[in-house]
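Trainee: The file below is data.txt, compact mmCIF, C-alpha atoms:
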# COMPACT_ATOMS: atom_id res chain seq x y z
CA MET A 1 99.14 142.73 124.71
CA ASP A 2 102.02 141.33 126.71
CA ILE A 3 104.35 138.96 124.96
CA HIS A 4 106.19 136.53 127.19
CA LYS A 5 109.50 135.62 125.76
CA PRO A 6 110.76 132.13 126.37
CA LYS A 7 113.11 131.86 129.23
CA PRO A 8 116.63 130.97 128.24
CA TRP A 9 118.00 127.66 129.46
CA HIS A 10 120.47 127.84 132.26
CA GLY A 11 122.68 124.89 131.55
CA ILE A 12 122.41 121.51 129.96
CA ARG A 13 120.50 120.07 132.91
CA GLU A 14 117.54 122.40 132.43
CA PHE A 15 117.59 121.72 128.70
CA LEU A 16 117.41 117.97 129.25
CA LYS A 17 114.57 118.41 131.70
CA GLU A 18 112.49 120.31 129.13
CA TYR A 19 113.41 117.78 126.46
CA VAL A 20 112.31 114.82 128.58
CA ILE A 21 108.97 116.51 129.35
CA ILE A 22 108.29 117.07 125.64
CA VAL A 23 109.31 113.52 124.62
CA VAL A 24 107.27 111.91 127.37
CA GLY A 25 104.23 113.99 126.40
CA VAL A 26 104.50 113.01 122.73
CA LEU A 27 105.02 109.32 123.54
CA THR A 28 102.07 109.35 125.92
CA ALA A 29 99.82 110.86 123.27
CA LEU A 30 100.98 108.35 120.65
CA GLY A 31 100.53 105.46 123.07
CA ALA A 32 97.01 106.54 123.96
CA GLU A 33 96.14 106.82 120.28
CA ALA A 34 97.55 103.34 119.63
CA VAL A 35 95.51 101.87 122.49
CA VAL A 36 92.33 103.48 121.16
CA GLU A 37 93.02 102.18 117.65
CA TRP A 38 93.83 98.68 118.96
CA ALA A 39 90.59 98.62 120.94
CA HIS A 40 88.67 99.80 117.87
CA TRP A 41 90.04 97.09 115.57
CA ARG A 42 89.65 94.45 118.22
CA HIS A 43 85.99 95.34 118.47
CA GLN A 44 85.66 95.34 114.67
CA GLY A 45 87.34 91.92 114.58
CA GLU A 46 84.89 90.51 117.12
CA VAL A 47 81.95 91.89 115.13
CA ALA A 48 83.41 90.41 111.94
CA ARG A 49 83.97 86.99 113.55
CA ALA A 50 80.38 86.91 114.78
CA ALA A 51 79.12 87.69 111.28
CA ILE A 52 81.48 85.11 109.75
CA ALA A 53 80.34 82.42 112.19
CA PHE A 54 76.69 83.13 111.36
CA ASP A 55 77.41 82.89 107.63
CA LEU A 56 79.41 79.68 108.00
CA ARG A 57 76.68 77.96 110.01
CA ARG A 58 74.21 78.92 107.29
CA LEU A 59 76.50 77.58 104.55
CA VAL A 60 77.00 74.27 106.37
CA GLY A 61 73.22 73.94 106.69
CA GLU A 62 72.65 74.75 103.01
CA ALA A 63 75.35 72.31 101.87
CA ALA A 64 73.85 69.62 104.13
CA ARG A 65 70.37 70.21 102.72
CA LYS A 66 71.68 69.98 99.16
CA ASP A 67 73.62 66.84 100.05
CA ALA A 68 70.68 65.11 101.72
CA ALA A 69 68.20 66.11 99.00
CA SER A 70 70.41 64.84 96.17
CA PRO A 71 68.80 61.38 96.00
CA CYS A 72 65.43 63.12 95.51
CA THR A 73 66.91 65.15 92.66
CA ALA A 74 68.32 61.95 91.15
CA GLU A 75 64.86 60.35 91.26
CA ARG A 76 63.36 63.24 89.30
CA LEU A 77 66.15 63.09 86.72
CA HIS A 78 65.53 59.36 86.42
CA ALA A 79 61.87 60.05 85.66
CA PHE A 80 62.82 62.52 82.91
CA ALA A 81 65.31 60.02 81.47
CA ASP A 82 62.72 57.23 81.51
CA ALA A 83 60.32 59.46 79.59
CA LEU A 84 62.99 60.22 77.00
CA ASP A 85 63.85 56.52 76.65
CA GLN A 86 60.18 55.82 75.94
CA ALA A 87 59.92 58.72 73.52
CA GLN A 88 62.96 57.42 71.66
CA GLN A 89 60.96 54.31 70.79
CA ASN A 90 57.67 55.80 69.63
CA LYS A 91 58.50 59.50 69.12
CA ARG A 92 55.96 60.49 71.73
CA LEU A 93 56.61 61.91 75.18
CA PRO A 94 54.53 60.18 77.87
CA GLY A 95 52.40 62.14 80.27
CA LEU A 96 54.39 63.49 83.21
CA SER A 97 52.91 64.85 86.42
CA GLU A 98 54.03 68.07 88.06
CA THR A 99 57.25 67.88 90.07
CA SER A 100 59.07 70.37 92.26
CA ASN A 101 62.40 71.89 91.31
CA PRO A 102 65.52 70.88 93.23
CA LEU A 103 66.76 72.99 96.11
CA SER A 104 68.54 76.17 94.98
CA PRO A 105 70.65 77.28 97.97
CA ALA A 106 71.63 80.91 98.38
CA TRP A 107 75.35 80.36 97.80
CA THR A 108 76.55 83.66 99.27
CA PHE A 109 79.25 84.59 101.77
CA ARG A 110 78.11 88.07 102.68
CA SER A 111 80.46 88.66 105.60
CA TRP A 112 83.49 87.97 103.36
CA TYR A 113 82.31 90.50 100.81
CA GLY A 114 81.99 93.02 103.64
CA LEU A 115 85.51 92.25 104.83
CA THR A 116 87.07 92.71 101.41
CA SER A 117 85.35 96.08 100.93
CA GLY A 118 86.61 97.44 104.26
CA GLN A 119 89.80 97.44 106.33
CA THR A 120 88.94 94.76 108.88
CA LEU A 121 90.44 91.95 106.79
CA ALA A 122 93.92 93.46 107.17
CA HIS A 123 93.60 93.06 110.95
CA LEU A 124 92.88 89.31 110.80
CA SER A 125 95.66 86.75 110.86
CA ASN A 126 97.15 85.50 107.59
CA ARG A 127 95.84 82.00 108.39
CA ASP A 128 92.30 83.30 108.86
CA GLU A 129 92.51 85.31 105.65
CA LEU A 130 93.63 82.26 103.65
CA ALA A 131 90.93 80.05 105.17
CA LEU A 132 88.18 82.58 104.45
CA SER A 133 89.48 83.14 100.92
CA ALA A 134 89.26 79.40 100.22
CA ILE A 135 85.68 79.28 101.54
CA ALA A 136 84.77 82.25 99.35
CA ASN A 137 86.22 80.44 96.33
CA TYR A 138 83.98 77.44 96.98
CA VAL A 139 80.94 79.68 97.27
CA ASP A 140 81.80 81.60 94.10
CA TYR A 141 82.08 78.31 92.22
CA LEU A 142 78.80 76.94 93.58
CA ARG A 143 76.67 79.91 92.57
CA PRO A 144 76.94 79.48 88.78
CA GLN A 145 76.37 75.73 89.21
CA MET A 146 73.10 76.50 90.95
CA ASN A 147 72.11 78.91 88.17
CA GLU A 148 72.99 76.29 85.56
CA GLU A 149 70.84 73.70 87.32
CA ARG A 150 67.87 76.04 87.47
CA ALA A 151 68.21 76.91 83.78
CA GLU A 152 68.35 73.27 82.70
CA TRP A 153 65.40 72.34 84.88
CA ALA A 154 63.40 75.04 83.11
CA VAL A 155 64.09 73.14 79.88
CA LEU A 156 63.29 69.74 81.39
CA ARG A 157 60.01 70.98 82.79
CA THR A 158 58.72 71.44 79.23
CA MET A 159 58.20 67.66 79.33
CA ILE A 160 55.62 67.96 82.13
CA GLY A 161 52.03 67.56 81.06
CA PRO A 162 49.95 65.19 78.91
CA GLY A 163 51.72 63.04 76.38
CA ARG A 164 52.60 64.66 73.05
CA PRO A 165 54.49 63.93 69.85
CA THR A 166 58.19 64.75 69.79
CA SER A 167 61.14 64.54 67.43
CA ASP A 168 64.70 63.23 67.47
CA ALA A 169 65.99 66.81 67.61
CA GLU A 170 63.89 67.64 70.67
CA ILE A 171 64.84 64.40 72.38
CA ALA A 172 68.53 65.13 71.78
CA SER A 173 68.09 68.66 73.14
CA LEU A 174 66.30 67.38 76.24
CA ARG A 175 68.97 64.72 76.83
CA ALA A 176 71.64 67.43 76.68
CA ALA A 177 69.70 69.48 79.23
CA LEU A 178 69.34 66.37 81.39
CA GLY A 179 73.09 65.79 81.32
CA ARG A 180 73.88 69.39 82.21
CA ALA A 181 71.32 69.37 85.04
CA GLY A 182 72.84 66.19 86.44
CA MET A 183 76.35 67.60 86.20
CA ALA A 184 75.35 70.82 87.94
CA ALA A 185 73.68 68.85 90.73
CA ASN A 186 76.71 66.59 91.11
CA ASN A 187 79.02 69.59 91.21
CA GLN A 188 76.96 71.29 93.89
CA ARG A 189 76.94 68.16 96.03
CA GLY A 190 80.66 67.50 95.64
CA ILE A 191 81.83 71.09 95.99
CA GLY A 192 79.35 71.59 98.82
CA ARG A 193 81.09 68.80 100.72
CA GLY A 194 84.41 70.47 100.01
CA LEU A 195 82.96 73.71 101.35
CA GLU A 196 81.92 71.97 104.56
CA THR A 197 85.44 70.56 104.96
CA ALA A 198 86.98 74.00 104.39
CA ILE A 199 84.69 75.42 107.07
CA VAL A 200 85.66 72.64 109.49
CA ARG A 201 89.35 73.32 108.82
CA SER A 202 88.98 77.08 109.20
CA GLY A 203 88.40 76.80 112.94
CA PHE A 204 85.79 79.56 113.00
CA LEU A 205 83.13 77.14 114.24
CA SER A 206 83.26 74.57 116.99
CA ARG A 207 82.52 70.93 116.28
CA ALA A 208 79.22 71.30 118.13
CA GLN A 209 78.20 74.28 115.99
CA ILE A 210 79.04 72.43 112.78
CA ASP A 211 77.18 69.28 113.83
CA ALA A 212 74.13 71.33 114.84
CA ALA A 213 74.04 73.22 111.52
CA TYR A 214 74.60 70.00 109.57
CA GLY A 215 71.89 68.12 111.45
CA GLU A 216 69.41 70.93 110.95
CA GLY A 217 70.16 71.02 107.22
CA VAL A 218 69.71 67.27 106.81
CA GLY A 219 66.47 67.41 108.77
CA LEU A 220 65.07 70.20 106.61
CA ALA A 221 65.89 68.29 103.42
CA ALA A 222 63.25 65.69 104.24
CA LYS A 223 60.63 68.46 104.20
CA LEU A 224 61.48 69.69 100.70
CA PRO A 225 58.64 69.16 98.18
CA ILE A 226 60.96 67.33 95.80
CA CYS A 227 61.57 64.67 98.46
CA HIS A 228 57.93 63.92 99.21
CA PRO A 229 57.40 61.08 96.71
CA PRO A 230 59.16 57.79 97.54
CA VAL A 231 62.62 57.32 96.05
CA ARG A 232 63.12 54.18 93.91
CA SER A 233 66.48 52.52 93.28
CA TYR A 234 67.03 50.27 90.27
CA ALA A 235 69.20 50.34 87.16
CA ARG A 236 68.23 52.86 84.48
CA SER A 237 69.90 54.47 81.50
CA SER A 238 70.29 57.68 83.52
CA ASP A 239 72.41 56.08 86.26
CA ALA A 240 75.54 57.56 84.69
CA VAL A 241 74.07 61.03 85.12
CA THR A 242 72.90 60.57 88.70
CA SER A 243 75.52 58.22 90.13
CA GLY A 244 76.97 60.95 92.36
CA LEU A 245 73.61 61.94 93.77
CA THR A 246 72.31 58.70 95.27
CA GLY A 247 74.63 58.15 98.26
CA GLN A 248 73.98 59.14 101.83
CA PRO A 249 74.94 62.62 103.11
CA GLU A 250 78.37 62.88 104.68
CA ARG A 251 79.14 64.47 108.03
CA PRO A 252 81.42 67.51 107.54
CA GLY A 253 85.04 66.55 108.04
CA ASP A 254 84.52 62.80 107.39
CA GLU A 255 85.39 62.91 103.69
CA PRO A 256 89.04 62.87 102.53
CA PHE A 257 90.66 66.31 102.48
CA THR A 258 92.96 67.19 99.58
CA GLY A 259 94.17 70.51 100.98
CA VAL A 260 93.25 72.36 97.80
CA GLY A 261 90.14 74.49 97.45
CA VAL A 262 88.38 75.74 94.34
CA GLY A 263 90.64 77.90 92.23
CA GLY A 264 93.74 76.49 93.90
CA ALA A 265 93.27 78.31 97.21
CA LEU A 266 94.66 76.33 100.11
CA THR A 267 92.66 75.58 103.23
CA THR A 268 94.98 74.93 106.14
CA ASP A 269 94.75 73.44 109.60
CA ARG A 270 94.97 75.74 112.55
Taking this structure as input, can you express it in the form of structure tokens?
Mentor:
Amino acid sequence: MDIHKPKPWHGIREFLKEYVIIVVGVLTALGAEAVVEWAHWRHQGEVARAAIAFDLRRLVGEAARKDAASPCTAERLHAFADALDQAQQNKRLPGLSETSNPLSPAWTFRSWYGLTSGQTLAHLSNRDELALSAIANYVDYLRPQMNEERAEWAVLRTMIGPGRPTSDAEIASLRAALGRAGMAANNQRGIGRGLETAIVRSGFLSRAQIDAAYGEGVGLAAKLPICHPPVRSYARSSDAVTSGLTGQPERPGDEPFTGVGVGGALTTDR
């Protein structure tokens, strides 16, 4: 086998020529690799933004549904409170007809969880990362509130059915469940509005997209089973529990913005 020995350089000029060829080749290869990587992460960013926008529209709709259905929830809590007021007098729960549970939204931000488990998040801007982190904090706070509401409604639903004897201890326990259910509902409505504001401020959705998702959510609330019976409005002993649930829904972005999200995360303007 023939072995070709490298040719010796004949002067500094030939050496520089070889050197330039090598350097240019290496830089070209590195540049091509950088372009490929940039194109890859740009594509991943576009995919992530599409998923984020889908999630945010869903969250706006869920928050709007919860907001608009809150007066219906308040009416049911009033009915439970009225029954307890009556039972306090004669130690007998009155007959209560079947009622639907309040809306339990799926408070999840799936695209954020996907971002934090991969590398795409590092390729978003710091502003976008902070905005999404604040939204995720709202969602993480809302989920246990929803679970709390469902658990307390399971207790309150033991009152449904024909009238029966009761005791002071049971009445006290049911009043405690009523208070916790009202607090959980109030928290979901209030924090849900904060979530909507954080989404507006994030800039991931246009005003038209937000209004469309909000309008759809409010429209769907009227179809919820819990909102079918007419809602009454007069003073009751349970007004303190349901005072935050009886107002009209608010358009995202109309409520005052404090600049601080759940857990202290800041949501900033673009």
Trainee: Which residues come within 10 Å of region 217-223 of chain A, counting all atoms listed in the file, excluding same-chain residues fewer than 2 positions away, as a ChimeraX atom specification?
Mentor: /A:57-70,72,103,211-215,225-228,249-251
Trainee: When you draw a straight line from CA of Leu195 (chain A) to CA of Arg127 (chain A), how long is it in Å?
Mentor: 16.9 Å
Trainee: With all atoms listed in the file as the atoms that count, which of A:Asn137, A:Ser97, A:Gln188, A:Ser202 lies nearest to Pro162 (chain A)?
Mentor: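 With all atoms listed in the file as the atom set, the closest residue is A:Ser97.
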Trainee: Which residue is closest to Arg180 (chain A)? Choose from A:Val24, A:Ala131, A:Ala50, A:Ala154 and count all atoms listed in the file.
Mentor: A:Ala154
Trainee: So how many Å separate CA of Thr158 (chain A) and CA of Thr246 (chain A), to one decimal?
Mentor: 24.6 Å
Trainee: Quick check, in Å to one decimal: how far apart do CA of Leu178 (chain A) and CA of Leu224 (chain A) lie?
Mentor: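 Spanning CA of Leu178 (chain A) to CA of Leu224 (chain A) is a straight-line distance of 21.1 Å.
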Trainee: Nearest to Pro102 (chain A): which of A:Met183, A:Ala134, A:Val47, A:Ala74 is it, counting all atoms listed in the file?
Mentor: A:Ala74
Trainee: Counting only C-alpha atoms, which of A:Thr108, A:Ser100, A:Ile199, A:Phe80 gets nearest to Ala177 (chain A)?
Mentor: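 Closest candidate: A:Phe80.
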Trainee: Anything within 6 Å of (82.1, 87.3, 108.9): list those residues as a count of residues only, counting only C-alpha atoms and sticking to the file's coordinates.
Mentor: 6
Trainee: Counting all atoms listed in the file, figure out which residue out of A:Leu174, A:Ala136, A:Leu84, A:Leu56 gets nearest to Phe204 (chain A).
Mentor: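 When distances to Phe204 (chain A) are compared using all atoms listed in the file, the smallest one comes from A:Leu56.
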Trainee: Which polymer residues have any atom within 7 Å of an atom of Leu93 (chain A), counting all atoms listed in the file, with same-chain residues fewer than 5 positions away left out, as a ChimeraX atom specification?
Mentor: /A:83-84,87,163-166
Trainee: Just checking: using only C-alpha atoms, which residue out of A:Arg201, A:Asn186, A:Asp55, A:Ala169 ends up closest to Gly247 (chain A)?
Mentor: A:Asn186
